[in-house]
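Report on one structure; see the data block that follows.
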Amino acid sequence: MAALTTVRGSLPVLRRLVSMQCLHKFCSSKVLKAPFVCAPYSYSTTLLQQHRFFRTSYAAAGPILPFKLSDIGEGIMEVTVKEWYVKVGDRVSQFDSICEVQSDKASVTITSRYDGVIRKLYYDVDSIAFVGTPLVDIETDGGQAPEEDVMETPALSQEEHTHQHIRGHKTQATPAVRRLAMENNIKLSEVVGSGKDGRILKEDILNFIAKQTGAILPPSPFQEIQPPPPAPAAAAKPQEKKPPPSIPTPIAPRPVFTGKDRTEPLKGFQKAMVKTMTAALKIPHFGYKDEVDLTQLVRLRSELKGVAESRGVRLSYMPFFIKAASLGLLHFPVLNASVDEACQNITYKAAHNIGLAMDTPQGLLVPNVKNVQMLSVFEIAVELNRLQTSGASGQLGTADLTGGTFTLSNIGSIGGTYAKPVVLLPEVAIGALGKLQVLPRFNAKDEVVKAHIMNVSWSADHRIIDGATMCRFSNLWKSYLENPASMVLDLK
């Protein structure tokens with residue numbers, strides 16, 4: 001007879017023993033059946049013969065957190081998802097890239113704040129994502145509090161910034177920038193930020209590393225204004241031939257065209273251009289055109305081109321044009337200014353952030369070179385090389401595309417002599433450079449000589465800039481380029 005064991009306990013214990021009895025019925029090879037005695041708050045069961053049970057266990061998974069698109073700034077409320085770097089089931093760590101989005105201003109890479117596994121993607125490629133809505137769901141590893149996402153862009157909400165008190169003010173940097181600085185043993189207090197309100201950007205850290213190690217940024221192809229090749233000699237006039245006898249014209253069947261029209265929504269940079277140009281054309285424009293003899297500048301550049309290439313930089317004519325414009329703005333600061341929407345106040349900009357209208361695969365972009373008044377011609381060339389490389393690869397950031405005070409358009413690198421540029425608000429002036437041509441001109445001795453001629457077209461906000469001011473600025477800018485040695489007198 002099997003021995004009976006009486007155990008007293010609570011109702012949950014009773015349930016557990018009942019479930020063990022059921023599991024034993026399926027998993028044990030031999031079970032000794034015995035009567036089961038149950039009383040209020042007590043129960044009895046038989047002792048079982050030697051047997052085995054399955055033992056199960058589980059690991060608690062972390063919470064699934066929605067990864068939301070935070071406020072990008074600049075008044076942007078929606079972005080286009082351009083590329084996903086993860087898929088459902090992928091494991092990510094902090095600072096790993098999640099996706100790339102494109103706003104009206106620039107392309108931005110979004111990085112993860114959490115360690116965990118991707119459980120859901122909310123958008124397809126080329127879909128519109130709105131600020132404050134989830135991008136992905138991440139099953140975290142546990143113990144992680146929900147936080148906002150991190151974006152490698154200077155336009156972030158204040159909660160996402162890392163601040164350091166330095167000499168009475170705050171140094172702003174994103175977690176990704178801070179991590180890059182820590183990996184290279186760089187103190188943020190030693191880096192000068194070029195972003196809004198002195199914000200330290202990723203480019204500032206990279207430039208600081210380059211200066212410390214003596215490295216030179218790699219050269220990149222930059223469109224130059226090249227003189228056209230000489231026209232081939234005119235061929236000898238062929239002898240006149242008698243026309244051949246008339247031949248009946250064959251009748252070809254008319255082809256059937258099966259193509260269809262296609263309608264696409266405006267988005268990204270195209271959508272931004274609609275807003276910018278519509279606002280710009282509401283102001284009255286003043287136009288002024290002239291030609292510049294660049295013969296001496298062509299000679300000077302040919303002498304310096306080899307020196308610049310030995311330093312790893314490709315030297316074009318544009319650094320000379322930009323530097324000459326900055327020297328001219330020192331004498332005519334009203335051209336480096338902006339007015340408010342009601343046109344009641346004018347702000348004179350201290351920095352010369354000169355933009356360059358650039359044709360990129362994403363459309364027309366206008367990145368700018370910051371603080372040209374403090375840079376040499378060579379330093380401007382280095383920065384232009386970087387901007388050209390970033391523009392060709394679609395990696396221009398918000399810092400590169402904002403803060404401009406004056407603009408030059410190198411439309412002549414594509415073609416054309418004259419243009420009618422449109423002022424980019426809130427700026428008040430812009431210049432368009434035509435292609436460089438070799439044309440006959442008279443020299444001081446009334447001799448016909450070969451000259452390198454370039455045409456320039458200026459546009460200005462006629463509400464605050466009159467024609468005389470624009471003309472005097474153009475003459476000064478022209479004199480610097482026609483006699484490059486004169487720039488040395490005003491260089492600082």
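For the structure tokens, the naming scheme is as follows: chains receive sequential letters (A, B, ...) according to their order of presentation, residues are indexed from 1 within each chain, and ligands are indexed from 1 in presentation order.
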**Request:** Please provide as a PyMOL selection string all residues within 10 Å of Phe332 in chain A, with the sequence filter that same-chain residues fewer than 6 positions apart are discarded (counting only C-alpha atoms).
**Result:** chain A and resi 326+469-470+472-473+476
Can I get the selection written as a compact mmCIF listing (two decimals), in the first residue's frame, with C-alpha atoms?
```txt
# COMPACT_ATOMS: atom_id res chain seq x y z
CA SER A 326 34.34 89.62 -48.76
CA THR A 469 25.70 101.20 -54.21
CA MET A 470 25.48 98.02 -56.27
CA ARG A 472 30.31 100.81 -56.70
CA PHE A 473 30.54 97.40 -55.02
CA LEU A 476 35.58 97.35 -56.37
```
**Near-Val92 in chain A list (7 Å; only C-alpha atoms; drop same-chain fewer than 2 positions) as a ChimeraX atom specification** = /A:90,94,96,115-117
**Message:** I'd like the contact shell of range 287-293 of chain A - 7 Å cut-off, only C-alpha atoms, skipping same-chain residues fewer than 6 positions apart - returned as a list in words.
**Reply:**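 Returned residues: Ala451, His452, Ile453, Met454, Asn455, Val456, Ser457, Trp458, Ser459, Ala460, Lys478 and Glu482 of chain A.
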List every residue of range 279-300 of chain A that has an atom at most 12 Å from any atom of range 312-318 of chain A, giving for each one its closest atom pair and the distance in Å to one decimal, counting only C-alpha atoms, sorted by chain and then by ascending residue number, as CSV.
```
residue,atom,partner,partner_atom,distance
A:Leu294,CA,A:Tyr317,CA,9.8
A:Thr295,CA,A:Tyr317,CA,12.0
A:Gln296,CA,A:Tyr317,CA,11.9
A:Leu297,CA,A:Tyr317,CA,8.2
A:Val298,CA,A:Tyr317,CA,8.2
A:Arg299,CA,A:Tyr317,CA,11.2
A:Leu300,CA,A:Tyr317,CA,10.1
```
Produce a table with one row for each residue of range 56-118 of chain A that has an atom at most 10 Å from any atom of range 255-274 of chain A, each row naming the nearest atom pair and its distance in Å at one decimal; use only C-alpha atoms; arrange rows by chain and rising residue number; format as a Markdown table.
```
| residue | atom | partner | partner_atom | distance |
| --- | --- | --- | --- | --- |
| A:Glu78 | CA | A:Gly268 | CA | 9.8 |
| A:Val79 | CA | A:Gly268 | CA | 7.7 |
| A:Thr80 | CA | A:Gly268 | CA | 7.1 |
| A:Val101 | CA | A:Gly268 | CA | 9.7 |
| A:Gln102 | CA | A:Gly268 | CA | 6.3 |
| A:Ser103 | CA | A:Gly268 | CA | 5.7 |
| A:Asp104 | CA | A:Gly268 | CA | 4.9 |
| A:Lys105 | CA | A:Phe269 | CA | 6.9 |
| A:Ala106 | CA | A:Phe269 | CA | 7.8 |
| A:Ser107 | CA | A:Gly268 | CA | 9.1 |
```
**Request:** Pick out the residues sitting within 6 Å of Trp477 in chain A, and hand them over as a list in words; count only C-alpha atoms, and ignore anything fewer than 3 positions along from it in its own chain.
**Result:**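 So the residues in contact are Ala324, Ala325, Gly328, Ser474 and Tyr480 of chain A.
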**Request:** With a distance cut-off of 6 Å and only C-alpha atoms, select the neighbouring residues of range 335-339 of chain A, excluding the residue or stretch itself and same-chain residues fewer than 5 positions from it, and output the selection as an NGL selection string.
**Result:** :A and (345-349 or 405 or 426-427)
**Request:** Using DSSP on the backbone, list every residue of range 312-358 of chain A that comes out as alpha helix (DSSP H), and give them as an NGL selection string.
**Result:** :A and (318-331)
Deliver the residues from the most recent selection as a file, using N, CA and C atoms, as a PDB file, in the first residue's frame.
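Now in out_35.pdb:
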```pdb
ATOM      1  N   MET A 318      36.965  80.063 -57.941  1.00  0.00           N
ATOM      2  CA  MET A 318      35.943  80.480 -56.992  1.00  0.00           C
ATOM      3  C   MET A 318      36.496  81.023 -55.674  1.00  0.00           C
ATOM      4  N   PRO A 319      37.558  80.456 -55.081  1.00  0.00           N
ATOM      5  CA  PRO A 319      38.084  81.064 -53.853  1.00  0.00           C
ATOM      6  C   PRO A 319      38.492  82.525 -54.033  1.00  0.00           C
ATOM      7  N   PHE A 320      39.025  82.892 -55.207  1.00  0.00           N
ATOM      8  CA  PHE A 320      39.385  84.283 -55.461  1.00  0.00           C
ATOM      9  C   PHE A 320      38.133  85.157 -55.557  1.00  0.00           C
ATOM     10  N   PHE A 321      37.073  84.636 -56.229  1.00  0.00           N
ATOM     11  CA  PHE A 321      35.829  85.397 -56.341  1.00  0.00           C
ATOM     12  C   PHE A 321      35.218  85.646 -54.957  1.00  0.00           C
ATOM     13  N   ILE A 322      35.221  84.605 -54.112  1.00  0.00           N
ATOM     14  CA  ILE A 322      34.624  84.720 -52.780  1.00  0.00           C
ATOM     15  C   ILE A 322      35.422  85.683 -51.903  1.00  0.00           C
ATOM     16  N   LYS A 323      36.751  85.581 -51.951  1.00  0.00           N
ATOM     17  CA  LYS A 323      37.565  86.470 -51.118  1.00  0.00           C
ATOM     18  C   LYS A 323      37.428  87.917 -51.571  1.00  0.00           C
ATOM     19  N   ALA A 324      37.385  88.160 -52.877  1.00  0.00           N
ATOM     20  CA  ALA A 324      37.211  89.521 -53.383  1.00  0.00           C
ATOM     21  C   ALA A 324      35.857  90.080 -52.955  1.00  0.00           C
ATOM     22  N   ALA A 325      34.809  89.236 -52.934  1.00  0.00           N
ATOM     23  CA  ALA A 325      33.492  89.699 -52.480  1.00  0.00           C
ATOM     24  C   ALA A 325      33.531  90.087 -51.007  1.00  0.00           C
ATOM     25  N   SER A 326      34.240  89.296 -50.186  1.00  0.00           N
ATOM     26  CA  SER A 326      34.343  89.618 -48.762  1.00  0.00           C
ATOM     27  C   SER A 326      35.064  90.939 -48.539  1.00  0.00           C
ATOM     28  N   LEU A 327      36.119  91.191 -49.299  1.00  0.00           N
ATOM     29  CA  LEU A 327      36.835  92.464 -49.172  1.00  0.00           C
ATOM     30  C   LEU A 327      35.929  93.630 -49.581  1.00  0.00           C
ATOM     31  N   GLY A 328      35.094  93.408 -50.598  1.00  0.00           N
ATOM     32  CA  GLY A 328      34.166  94.454 -51.010  1.00  0.00           C
ATOM     33  C   GLY A 328      33.076  94.699 -49.975  1.00  0.00           C
ATOM     34  N   LEU A 329      32.633  93.644 -49.290  1.00  0.00           N
ATOM     35  CA  LEU A 329      31.595  93.807 -48.278  1.00  0.00           C
ATOM     36  C   LEU A 329      32.081  94.615 -47.079  1.00  0.00           C
ATOM     37  N   LEU A 330      33.390  94.621 -46.842  1.00  0.00           N
ATOM     38  CA  LEU A 330      33.924  95.455 -45.760  1.00  0.00           C
ATOM     39  C   LEU A 330      33.679  96.937 -46.036  1.00  0.00           C
ATOM     40  N   HIS A 331      33.665  97.311 -47.311  1.00  0.00           N
ATOM     41  CA  HIS A 331      33.431  98.706 -47.690  1.00  0.00           C
ATOM     42  C   HIS A 331      31.943  99.011 -47.893  1.00  0.00           C
TER      43      HIS A 331
END
```
Taking the DSSP assignment computed from this structure's backbone, write out as a tab-separated table (two decimals) with all heavy atoms, in the first residue's frame all residues of range 430-479 of chain A that belong to strand (DSSP E).
```
chain	number	residue	atom	x	y	z
A	430	ILE	N	22.86	89.04	-54.48
A	430	ILE	CA	23.38	87.79	-55.04
A	430	ILE	C	24.05	88.11	-56.36
A	430	ILE	O	23.64	89.05	-57.07
A	430	ILE	CB	22.25	86.76	-55.23
A	430	ILE	CG1	22.82	85.42	-55.74
A	430	ILE	CG2	21.19	87.28	-56.18
A	430	ILE	CD1	21.76	84.31	-55.83
A	431	GLY	N	25.09	87.35	-56.71
A	431	GLY	CA	25.78	87.52	-57.98
A	431	GLY	C	25.85	86.21	-58.76
A	431	GLY	O	26.02	85.14	-58.16
A	432	ALA	N	25.68	86.28	-60.08
A	432	ALA	CA	25.78	85.10	-60.95
A	432	ALA	C	26.96	85.29	-61.89
A	432	ALA	O	27.07	86.32	-62.57
A	432	ALA	CB	24.49	84.91	-61.74
A	433	LEU	N	27.85	84.30	-61.93
A	433	LEU	CA	29.07	84.37	-62.73
A	433	LEU	C	28.90	83.59	-64.02
A	433	LEU	O	28.52	82.41	-64.00
A	433	LEU	CB	30.25	83.82	-61.92
A	433	LEU	CG	30.38	84.36	-60.49
A	433	LEU	CD1	31.53	83.67	-59.77
A	433	LEU	CD2	30.59	85.87	-60.51
A	434	GLY	N	29.17	84.23	-65.16
A	434	GLY	CA	29.08	83.56	-66.45
A	434	GLY	C	30.33	82.75	-66.76
A	434	GLY	O	31.30	82.74	-66.00
A	435	LYS	N	30.31	82.10	-67.92
A	435	LYS	CA	31.46	81.28	-68.28
A	435	LYS	C	32.62	82.16	-68.72
A	435	LYS	O	32.45	83.30	-69.17
A	435	LYS	CB	31.07	80.32	-69.40
A	435	LYS	CG	30.71	80.98	-70.72
A	435	LYS	CD	30.35	79.94	-71.76
A	435	LYS	CE	29.96	80.59	-73.10
A	435	LYS	NZ	29.60	79.58	-74.11
A	436	LEU	N	33.81	81.65	-68.57
A	436	LEU	CA	35.04	82.36	-68.95
A	436	LEU	C	35.29	82.15	-70.43
A	436	LEU	O	35.32	81.01	-70.92
A	436	LEU	CB	36.21	81.84	-68.12
A	436	LEU	CG	37.54	82.56	-68.26
A	436	LEU	CD1	37.41	84.01	-67.80
A	436	LEU	CD2	38.61	81.86	-67.46
A	437	GLN	N	35.45	83.25	-71.17
A	437	GLN	CA	35.64	83.19	-72.61
A	437	GLN	C	36.94	83.90	-73.01
A	437	GLN	O	37.37	84.85	-72.35
A	437	GLN	CB	34.48	83.89	-73.33
A	437	GLN	CG	33.12	83.35	-72.98
A	437	GLN	CD	32.03	84.12	-73.69
A	437	GLN	OE1	31.65	83.81	-74.83
A	437	GLN	NE2	31.51	85.15	-73.03
A	438	VAL	N	37.54	83.43	-74.08
A	438	VAL	CA	38.71	84.07	-74.66
A	438	VAL	C	38.22	84.93	-75.82
A	438	VAL	O	37.75	84.42	-76.85
A	438	VAL	CB	39.74	83.04	-75.14
A	438	VAL	CG1	40.95	83.74	-75.76
A	438	VAL	CG2	40.18	82.14	-73.99
A	439	LEU	N	38.31	86.27	-75.67
A	439	LEU	CA	37.77	87.21	-76.64
A	439	LEU	C	38.82	88.28	-76.97
A	439	LEU	O	39.71	88.58	-76.16
A	439	LEU	CB	36.51	87.88	-76.08
A	439	LEU	CG	35.35	86.95	-75.71
A	439	LEU	CD1	34.25	87.74	-75.01
A	439	LEU	CD2	34.81	86.23	-76.94
A	440	PRO	N	38.71	88.89	-78.15
A	440	PRO	CA	39.64	89.98	-78.50
A	440	PRO	C	39.25	91.27	-77.78
A	440	PRO	O	38.07	91.63	-77.71
A	440	PRO	CB	39.49	90.10	-80.01
A	440	PRO	CG	38.10	89.59	-80.29
A	440	PRO	CD	37.84	88.52	-79.28
A	441	ARG	N	40.27	91.96	-77.24
A	441	ARG	CA	40.05	93.24	-76.58
A	441	ARG	C	41.24	94.17	-76.89
A	441	ARG	O	42.32	93.71	-77.27
A	441	ARG	CB	39.92	93.05	-75.06
A	441	ARG	CG	38.64	92.37	-74.62
A	441	ARG	CD	37.42	93.24	-74.90
A	441	ARG	NE	36.18	92.66	-74.40
A	441	ARG	CZ	35.40	91.87	-75.08
A	441	ARG	NH1	35.72	91.51	-76.33
A	441	ARG	NH2	34.28	91.41	-74.55
A	442	PHE	N	41.02	95.47	-76.73
A	442	PHE	CA	42.10	96.44	-76.92
A	442	PHE	C	42.84	96.62	-75.60
A	442	PHE	O	42.24	96.76	-74.53
A	442	PHE	CB	41.54	97.79	-77.38
A	442	PHE	CG	41.06	97.81	-78.80
A	442	PHE	CD1	39.72	97.68	-79.11
A	442	PHE	CD2	41.97	97.96	-79.85
A	442	PHE	CE1	39.27	97.68	-80.41
A	442	PHE	CE2	41.54	97.98	-81.16
A	442	PHE	CZ	40.18	97.83	-81.45
A	448	VAL	N	45.03	94.98	-80.39
A	448	VAL	CA	44.08	93.90	-80.16
A	448	VAL	C	44.82	92.70	-79.57
A	448	VAL	O	45.78	92.20	-80.16
A	448	VAL	CB	43.38	93.50	-81.47
A	448	VAL	CG1	42.43	92.32	-81.23
A	448	VAL	CG2	42.62	94.68	-82.06
A	449	VAL	N	44.37	92.29	-78.38
A	449	VAL	CA	45.03	91.17	-77.69
A	449	VAL	C	43.98	90.15	-77.29
A	449	VAL	O	42.76	90.42	-77.29
A	449	VAL	CB	45.78	91.68	-76.45
A	449	VAL	CG1	46.94	92.60	-76.84
A	449	VAL	CG2	44.84	92.38	-75.49
A	450	LYS	N	44.45	88.98	-76.90
A	450	LYS	CA	43.57	87.92	-76.42
A	450	LYS	C	43.33	88.14	-74.92
A	450	LYS	O	44.28	88.28	-74.14
A	450	LYS	CB	44.20	86.56	-76.66
A	450	LYS	CG	43.35	85.38	-76.21
A	450	LYS	CD	43.98	84.05	-76.59
A	450	LYS	CE	45.27	83.84	-75.83
A	450	LYS	NZ	45.84	82.49	-76.09
A	451	ALA	N	42.08	88.18	-74.53
A	451	ALA	CA	41.73	88.43	-73.13
A	451	ALA	C	40.76	87.37	-72.63
A	451	ALA	O	39.94	86.85	-73.39
A	451	ALA	CB	41.12	89.83	-72.96
A	452	HIS	N	40.86	87.05	-71.33
A	452	HIS	CA	39.95	86.10	-70.69
A	452	HIS	C	38.84	86.91	-70.01
A	452	HIS	O	39.07	87.58	-69.01
A	452	HIS	CB	40.70	85.25	-69.66
A	452	HIS	CG	41.72	84.33	-70.27
A	452	HIS	ND1	42.98	84.76	-70.64
A	452	HIS	CD2	41.66	83.01	-70.59
A	452	HIS	CE1	43.66	83.75	-71.15
A	452	HIS	NE2	42.87	82.68	-71.13
A	453	ILE	N	37.65	86.85	-70.60
A	453	ILE	CA	36.54	87.69	-70.16
A	453	ILE	C	35.47	86.85	-69.49
A	453	ILE	O	35.09	85.76	-69.98
A	453	ILE	CB	35.92	88.45	-71.36
A	453	ILE	CG1	37.00	89.28	-72.07
A	453	ILE	CG2	34.77	89.33	-70.89
A	453	ILE	CD1	37.63	90.35	-71.19
A	454	MET	N	34.97	87.35	-68.37
A	454	MET	CA	33.85	86.72	-67.65
A	454	MET	C	32.79	87.79	-67.38
A	454	MET	O	33.11	88.92	-67.00
A	454	MET	CB	34.29	86.11	-66.32
A	454	MET	CG	33.17	85.40	-65.56
A	454	MET	SD	33.63	84.92	-63.88
A	454	MET	CE	33.66	86.52	-63.07
A	455	ASN	N	31.53	87.45	-67.59
A	455	ASN	CA	30.42	88.36	-67.30
A	455	ASN	C	29.84	88.06	-65.93
A	455	ASN	O	29.78	86.90	-65.50
A	455	ASN	CB	29.33	88.23	-68.36
A	455	ASN	CG	29.85	88.52	-69.76
A	455	ASN	OD1	29.95	87.62	-70.60
A	455	ASN	ND2	30.20	89.75	-70.03
A	456	VAL	N	29.41	89.11	-65.24
A	456	VAL	CA	28.80	88.95	-63.93
A	456	VAL	C	27.45	89.67	-63.92
A	456	VAL	O	27.30	90.73	-64.53
A	456	VAL	CB	29.72	89.51	-62.82
A	456	VAL	CG1	30.01	90.98	-63.02
A	456	VAL	CG2	29.10	89.27	-61.44
A	457	SER	N	26.47	89.04	-63.27
A	457	SER	CA	25.11	89.61	-63.16
A	457	SER	C	24.75	89.70	-61.69
A	457	SER	O	24.79	88.69	-60.97
A	457	SER	CB	24.09	88.73	-63.89
A	457	SER	OG	24.45	88.52	-65.24
A	458	TRP	N	24.41	90.92	-61.24
A	458	TRP	CA	24.07	91.14	-59.84
A	458	TRP	C	22.57	91.39	-59.70
A	458	TRP	O	21.95	91.99	-60.57
A	458	TRP	CB	24.82	92.35	-59.26
A	458	TRP	CG	26.31	92.26	-59.32
A	458	TRP	CD1	27.14	92.88	-60.21
A	458	TRP	CD2	27.16	91.51	-58.46
A	458	TRP	NE1	28.45	92.58	-59.96
A	458	TRP	CE2	28.50	91.73	-58.89
A	458	TRP	CE3	26.93	90.68	-57.36
A	458	TRP	CZ2	29.58	91.14	-58.25
A	458	TRP	CZ3	28.02	90.09	-56.74
A	458	TRP	CH2	29.32	90.32	-57.18
A	459	SER	N	21.99	90.94	-58.59
A	459	SER	CA	20.62	91.26	-58.21
A	459	SER	C	20.63	91.69	-56.75
A	459	SER	O	21.35	91.11	-55.93
A	459	SER	CB	19.67	90.07	-58.39
A	459	SER	OG	19.46	89.79	-59.76
A	460	ALA	N	19.82	92.71	-56.43
A	460	ALA	CA	19.77	93.23	-55.07
A	460	ALA	C	18.35	93.59	-54.69
A	460	ALA	O	17.50	93.85	-55.55
A	460	ALA	CB	20.68	94.45	-54.93
A	461	ASP	N	18.09	93.60	-53.39
A	461	ASP	CA	16.79	93.99	-52.85
A	461	ASP	C	16.69	95.51	-52.97
A	461	ASP	O	17.33	96.25	-52.22
A	461	ASP	CB	16.69	93.55	-51.39
A	461	ASP	CG	15.30	93.78	-50.81
A	461	ASP	OD1	14.54	94.56	-51.40
A	461	ASP	OD2	14.99	93.19	-49.76
```
**Among listed residues A:Leu387, A:Asn353, A:Ser393, A:Leu281, nearest Lys420 in chain A (using only C-alpha atoms)** =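 Looking at the shortest contact to Lys420 in chain A, the residue is A:Leu281.
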**Asked** CA of Ala173 in chain A and CA of Leu401 in chain A are how many Å apart?
**Response** 18.6 Å
**Item:** Top pick for closest residue to Phe95 in chain A, considering A:Ile76, A:Leu121, A:Leu180, A:Ala342 and counting only C-alpha atoms
**Value:**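 Closest to Phe95 in chain A of all the choices is A:Leu180.
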